[in-house]
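Okay, so here's the structure we're looking at.
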Amino acid sequence: MAKFQLKMATQLGEKIAADFGFTEFPIKPLEIAQKRGIRVEAKPSDVKGVSGAMIFANGNATIIYSRDLSNKGFENFSICHELGHYFLPGHPEEITKQGGTHFSRANFTESSSIELEADHFASGLLLPSGLTRKFLDSQQVGLEGILALADAAESSRTAAAIRAAECSNYPVAVIVSRDEQVAYAFLSEGFKQLGELAWLKKGTPLPSSLTRRFNANPANISQASKTCGETWLGDWFGGPKGIALDEEVLGLGSYGFTLTTLSSESRLSAPDEEEDEDAELEKSWTPKFAYGR
Ligand SMILES: [Zn+2]
């Protein structure tokens, strides 16, 4: 799937949020559905293995969403994913062609093009770039900031993590994994600038790391345990040696995956010139990437 198509899908999500008058978190997908006359229903719990569905029948659109994970953020994300199938060019036609009912597996783990497009639409809708950047500016770089973003935006944690990587000015990598393998990874522009890096595609084995040891115990994931430590850029991505990163790891509960963020530590430098205190203060708050540790 072409990268620009996913970018367009994200941007359309952002545009829909703005068109429906949302200027702050949280964006409310149910209100958008309501204003468009789209019915939204919870999925019967005996239908397993899908995050939701989009149904076009007799001129009506109906969204079904899953409450299986008992997670408001994930439910919101699923509804936004289905809205993607309503708003994205070509999706209603494609679904109608296939009989009018489309079952979804939302949250970036599917590789089919309409699923990925709908996931990107959903993340743009729930987490528009401007609001996301503004929010992250006041937060710590890394997992804590991402979790605060997910709470404020009422979004799934993985969507918040991905948008944090996409919108952050800092070096941030987000890796979602299961067992010993990468499911997917997103890198911020700042992270990509660290050097020539390997691509962590689906199925890449996790390096020997905190994340890999964490995943070896299934209770860590089901109980949503959290841990952190230090790792080396080279262990994950090759590239330049001697770059240390914070590795923060969170089990995603019944979703069954693990979220890892690799980010740089912001270092404060002590102001030494009193007469230029403001400039120094500004400088001291500019995170510097720590090389050679
Ligand atoms: Zn779908």
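Here's how to read the names in the structure tokens: chain A, B, ... by the order shown, residue numbers from 1 in each chain, ligand numbers from 1 in the order shown.
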Collect all residues with atoms no farther than 7 Å from ligand 1, counting only C-alpha atoms and all ligand atoms, and output them as a JSON list (two decimals) with N, CA and C atoms, in the first residue's frame.
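Everything below was put into result.json:
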```
[["chain", "number", "residue", "atom", "x", "y", "z"],
["A", 53, "ALA", "N", -17.99, -3.85, 12.45],
["A", 53, "ALA", "CA", -18.44, -4.08, 11.08],
["A", 53, "ALA", "C", -19.09, -2.82, 10.53],
["A", 81, "HIS", "N", -12.72, 3.69, 12.94],
["A", 81, "HIS", "CA", -12.30, 2.82, 11.84],
["A", 81, "HIS", "C", -13.49, 2.58, 10.89],
["A", 82, "GLU", "N", -14.64, 2.28, 11.48],
["A", 82, "GLU", "CA", -15.83, 2.04, 10.65],
["A", 82, "GLU", "C", -16.25, 3.32, 9.93],
["A", 85, "HIS", "N", -14.61, 3.62, 6.74],
["A", 85, "HIS", "CA", -15.21, 2.89, 5.61],
["A", 85, "HIS", "C", -16.38, 3.66, 5.02],
["A", 102, "HIS", "N", -19.03, -5.53, 5.82],
["A", 102, "HIS", "CA", -17.58, -5.68, 5.96],
["A", 102, "HIS", "C", -17.24, -5.88, 7.42],
["A", 103, "PHE", "N", -16.55, -6.97, 7.73],
["A", 103, "PHE", "CA", -16.08, -7.19, 9.10],
["A", 103, "PHE", "C", -14.67, -6.65, 9.25],
["A", 104, "SER", "N", -14.44, -5.93, 10.35],
["A", 104, "SER", "CA", -13.16, -5.25, 10.54],
["A", 104, "SER", "C", -12.31, -5.90, 11.62],
["A", 105, "ARG", "N", -11.03, -5.79, 11.42],
["A", 105, "ARG", "CA", -10.06, -6.09, 12.48],
["A", 105, "ARG", "C", -9.19, -4.85, 12.60],
["A", 106, "ALA", "N", -9.64, -3.93, 13.45],
["A", 106, "ALA", "CA", -8.98, -2.63, 13.52],
["A", 106, "ALA", "C", -7.74, -2.68, 14.39],
["A", 114, "ILE", "N", -7.79, -1.76, 2.66],
["A", 114, "ILE", "CA", -8.88, -0.95, 3.22],
["A", 114, "ILE", "C", -8.83, -0.92, 4.75],
["A", 115, "GLU", "N", -8.33, -1.99, 5.36],
["A", 115, "GLU", "CA", -8.21, -1.98, 6.82],
["A", 115, "GLU", "C", -7.16, -0.97, 7.27],
["A", 118, "ALA", "N", -8.44, 2.54, 6.82],
["A", 118, "ALA", "CA", -9.43, 2.89, 7.85],
["A", 118, "ALA", "C", -8.74, 3.13, 9.20]]
```
For this session: Name the residues of region 16-244 of chain A that come out as strand (DSSP E) in a backbone DSSP run; write them as a ChimeraX atom specification.
Result: /A:39-42,52-57,60-65,101-104,172-178,181-187,226-232,244
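Near Val40 (chain A), within 8 Å and counting only C-alpha atoms, sit Leu30, Ala33, Ile38, Ala42, Thr62, Ile63, Ile64 and Tyr65 of chain A, not including residues fewer than 2 positions from it in the same chain.
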Would you output that residue set with C-alpha atoms, as a PDB file, in the first residue's frame?
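And here's again15.pdb as it stands now:
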```pdb
ATOM      1  CA  LEU A  30     -20.629   8.841  18.015  1.00  0.00           C
ATOM      2  CA  ALA A  33     -22.192   9.177  13.200  1.00  0.00           C
ATOM      3  CA  ILE A  38     -25.436   6.407  10.723  1.00  0.00           C
ATOM      4  CA  ALA A  42     -22.705  -2.765  20.009  1.00  0.00           C
ATOM      5  CA  THR A  62     -24.896   0.842  10.226  1.00  0.00           C
ATOM      6  CA  ILE A  63     -21.770   0.572  12.353  1.00  0.00           C
ATOM      7  CA  ILE A  64     -21.315  -2.364  14.681  1.00  0.00           C
ATOM      8  CA  TYR A  65     -18.536  -2.144  17.261  1.00  0.00           C
TER       9      TYR A  65
END
```
Problem set entry | Non-local contacts of Leu12 (chain A) (9 Å; only C-alpha atoms; under 2 positions in same chain excluded) as a list in words |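 So, after excluding close chain neighbours, the residues are Lys7, Met8, Ala9, Thr10, Glu14, Lys15, Ile16, Ala17, Gly84, Phe87, Leu88, Phe121, Gly124 and Leu125 of chain A.
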Those same residues, written as an mmCIF file, in the first residue's frame with N, CA and C atoms?
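As a result, part34.cif now contains:
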```
data_model
loop_
_atom_site.group_PDB
_atom_site.id
_atom_site.type_symbol
_atom_site.label_atom_id
_atom_site.label_comp_id
_atom_site.auth_asym_id
_atom_site.auth_seq_id
_atom_site.Cartn_x
_atom_site.Cartn_y
_atom_site.Cartn_z
ATOM 1 N N LYS A 7 -1.280 8.436 4.240
ATOM 2 C CA LYS A 7 -1.197 9.821 4.709
ATOM 3 C C LYS A 7 -2.486 10.583 4.367
ATOM 4 N N MET A 8 -2.990 10.341 3.153
ATOM 5 C CA MET A 8 -4.246 10.979 2.743
ATOM 6 C C MET A 8 -5.388 10.537 3.664
ATOM 7 N N ALA A 9 -5.377 9.244 4.021
ATOM 8 C CA ALA A 9 -6.437 8.720 4.896
ATOM 9 C C ALA A 9 -6.379 9.413 6.263
ATOM 10 N N THR A 10 -5.154 9.578 6.800
ATOM 11 C CA THR A 10 -4.989 10.282 8.086
ATOM 12 C C THR A 10 -5.514 11.706 7.968
ATOM 13 N N GLU A 14 -8.511 13.852 9.912
ATOM 14 C CA GLU A 14 -8.327 15.153 10.572
ATOM 15 C C GLU A 14 -9.342 16.169 10.062
ATOM 16 N N LYS A 15 -9.582 16.124 8.760
ATOM 17 C CA LYS A 15 -10.501 17.076 8.136
ATOM 18 C C LYS A 15 -11.934 16.843 8.639
ATOM 19 N N ILE A 16 -12.320 15.580 8.748
ATOM 20 C CA ILE A 16 -13.675 15.274 9.224
ATOM 21 C C ILE A 16 -13.848 15.793 10.659
ATOM 22 N N ALA A 17 -12.808 15.594 11.502
ATOM 23 C CA ALA A 17 -12.883 16.110 12.884
ATOM 24 C C ALA A 17 -13.113 17.620 12.855
ATOM 25 N N GLY A 84 -14.304 5.412 8.855
ATOM 26 C CA GLY A 84 -13.367 5.455 7.726
ATOM 27 C C GLY A 84 -13.954 4.759 6.501
ATOM 28 N N PHE A 87 -16.429 7.260 5.053
ATOM 29 C CA PHE A 87 -15.950 8.522 4.464
ATOM 30 C C PHE A 87 -14.847 8.351 3.417
ATOM 31 N N LEU A 88 -14.071 7.277 3.491
ATOM 32 C CA LEU A 88 -12.925 7.167 2.581
ATOM 33 C C LEU A 88 -13.382 6.869 1.156
ATOM 34 N N PHE A 121 -7.202 6.588 8.934
ATOM 35 C CA PHE A 121 -8.301 7.566 9.033
ATOM 36 C C PHE A 121 -8.690 7.741 10.504
ATOM 37 N N GLY A 124 -6.193 9.694 12.546
ATOM 38 C CA GLY A 124 -6.238 11.123 12.220
ATOM 39 C C GLY A 124 -7.467 11.798 12.810
ATOM 40 N N LEU A 125 -8.600 11.068 12.798
ATOM 41 C CA LEU A 125 -9.858 11.620 13.319
ATOM 42 C C LEU A 125 -9.787 11.805 14.839
#
```
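Atom pair CA of Glu93 (chain A) / CA of Asn107 (chain A): separated by 22.4 Å.
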Exercise. Gln5 (chain A): which residues within 10 Å, counting only C-alpha atoms, same-chain residues fewer than 6 positions away excluded, as a PyMOL selection string?
Worked result: chain A and resi 11+113+116-117+120
For this session: Identify, on the basis of only C-alpha atoms, every residue whose closest approach to Asn58 (chain A) does not exceed 12 Å; exclude the query and any residue fewer than 6 positions from it along the same chain; express the result as a ChimeraX atom specification.
Result: /A:96,99-100
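Across the model, the gap from CA of Thr260 (chain A) to CA of Ile175 (chain A) is 5.1 Å.
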For this session: Write out as number ranges by chain the residues lying within 9 Å of region 185-202 of chain A, counting only C-alpha atoms and excluding same-chain residues fewer than 6 positions away.
Result: A: 109, 161-177, 233-234, 236-240, 243, 263-264
Exercise. Could you state the separation of CA of Gln98 (chain A) and CA of Glu75 (chain A) in Å, given to one decimal place?
Worked result: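 Calculated distance between CA of Gln98 (chain A) and CA of Glu75 (chain A) is 24.8 Å.
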Let's see if you can do this: from backbone DSSP, list all helix (DSSP H, G or I) residues in region 154-254 of chain A, as an mmCIF file with C-alpha atoms, in the first residue's frame.
```cif
data_model
loop_
_atom_site.group_PDB
_atom_site.id
_atom_site.type_symbol
_atom_site.label_atom_id
_atom_site.label_comp_id
_atom_site.auth_asym_id
_atom_site.auth_seq_id
_atom_site.Cartn_x
_atom_site.Cartn_y
_atom_site.Cartn_z
ATOM 1 C CA ARG A 157 -3.194 3.366 23.438
ATOM 2 C CA THR A 158 -1.655 2.028 20.265
ATOM 3 C CA ALA A 159 -3.258 4.777 18.153
ATOM 4 C CA ALA A 160 -1.980 7.403 20.611
ATOM 5 C CA ALA A 161 1.496 5.854 20.441
ATOM 6 C CA ILE A 162 1.524 5.846 16.649
ATOM 7 C CA ARG A 163 0.325 9.441 16.444
ATOM 8 C CA ALA A 164 2.882 10.469 19.068
ATOM 9 C CA ALA A 165 5.598 9.020 16.825
ATOM 10 C CA GLU A 166 4.110 10.633 13.706
ATOM 11 C CA CYS A 167 3.691 14.047 15.306
ATOM 12 C CA GLU A 189 11.177 11.873 11.929
ATOM 13 C CA GLY A 190 13.620 12.662 14.736
ATOM 14 C CA PHE A 191 14.224 8.953 15.221
ATOM 15 C CA LYS A 192 14.797 8.311 11.511
ATOM 16 C CA LEU A 210 13.636 -6.016 28.033
ATOM 17 C CA THR A 211 10.639 -6.325 25.661
ATOM 18 C CA ARG A 212 11.596 -9.843 24.656
ATOM 19 C CA ARG A 213 12.042 -10.935 28.275
ATOM 20 C CA PHE A 214 8.738 -9.208 29.173
ATOM 21 C CA ASN A 215 6.877 -11.096 26.435
ATOM 22 C CA PRO A 218 2.186 -14.019 29.326
ATOM 23 C CA ALA A 219 1.009 -12.679 32.706
ATOM 24 C CA ASN A 220 2.898 -9.441 31.962
ATOM 25 C CA ILE A 221 0.615 -8.830 28.987
ATOM 26 C CA SER A 222 -2.693 -9.981 30.494
ATOM 27 C CA LEU A 233 19.707 1.739 19.171
ATOM 28 C CA GLY A 234 22.011 -0.731 17.402
ATOM 29 C CA ASP A 235 20.398 -3.758 19.047
ATOM 30 C CA TRP A 236 17.076 -2.917 17.391
ATOM 31 C CA PHE A 237 17.893 -1.067 14.211
ATOM 32 C CA GLY A 253 -4.148 -6.614 28.476
ATOM 33 C CA SER A 254 -6.721 -8.719 26.639
#
```
For this session: Check the smallest atom-to-atom distance from each of A:Ala224, A:Leu147, A:Leu259, A:Ala18 to Leu126 (chain A) using only C-alpha atoms, then report the winner.
Result: A:Ala18
Problem set entry | Option closest in space to Gln139 (chain A), from A:Leu83, A:Ala152, A:Ala2, A:Cys228 [counting only C-alpha atoms] |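 Closest to Gln139 (chain A) of all the choices is A:Ala152.
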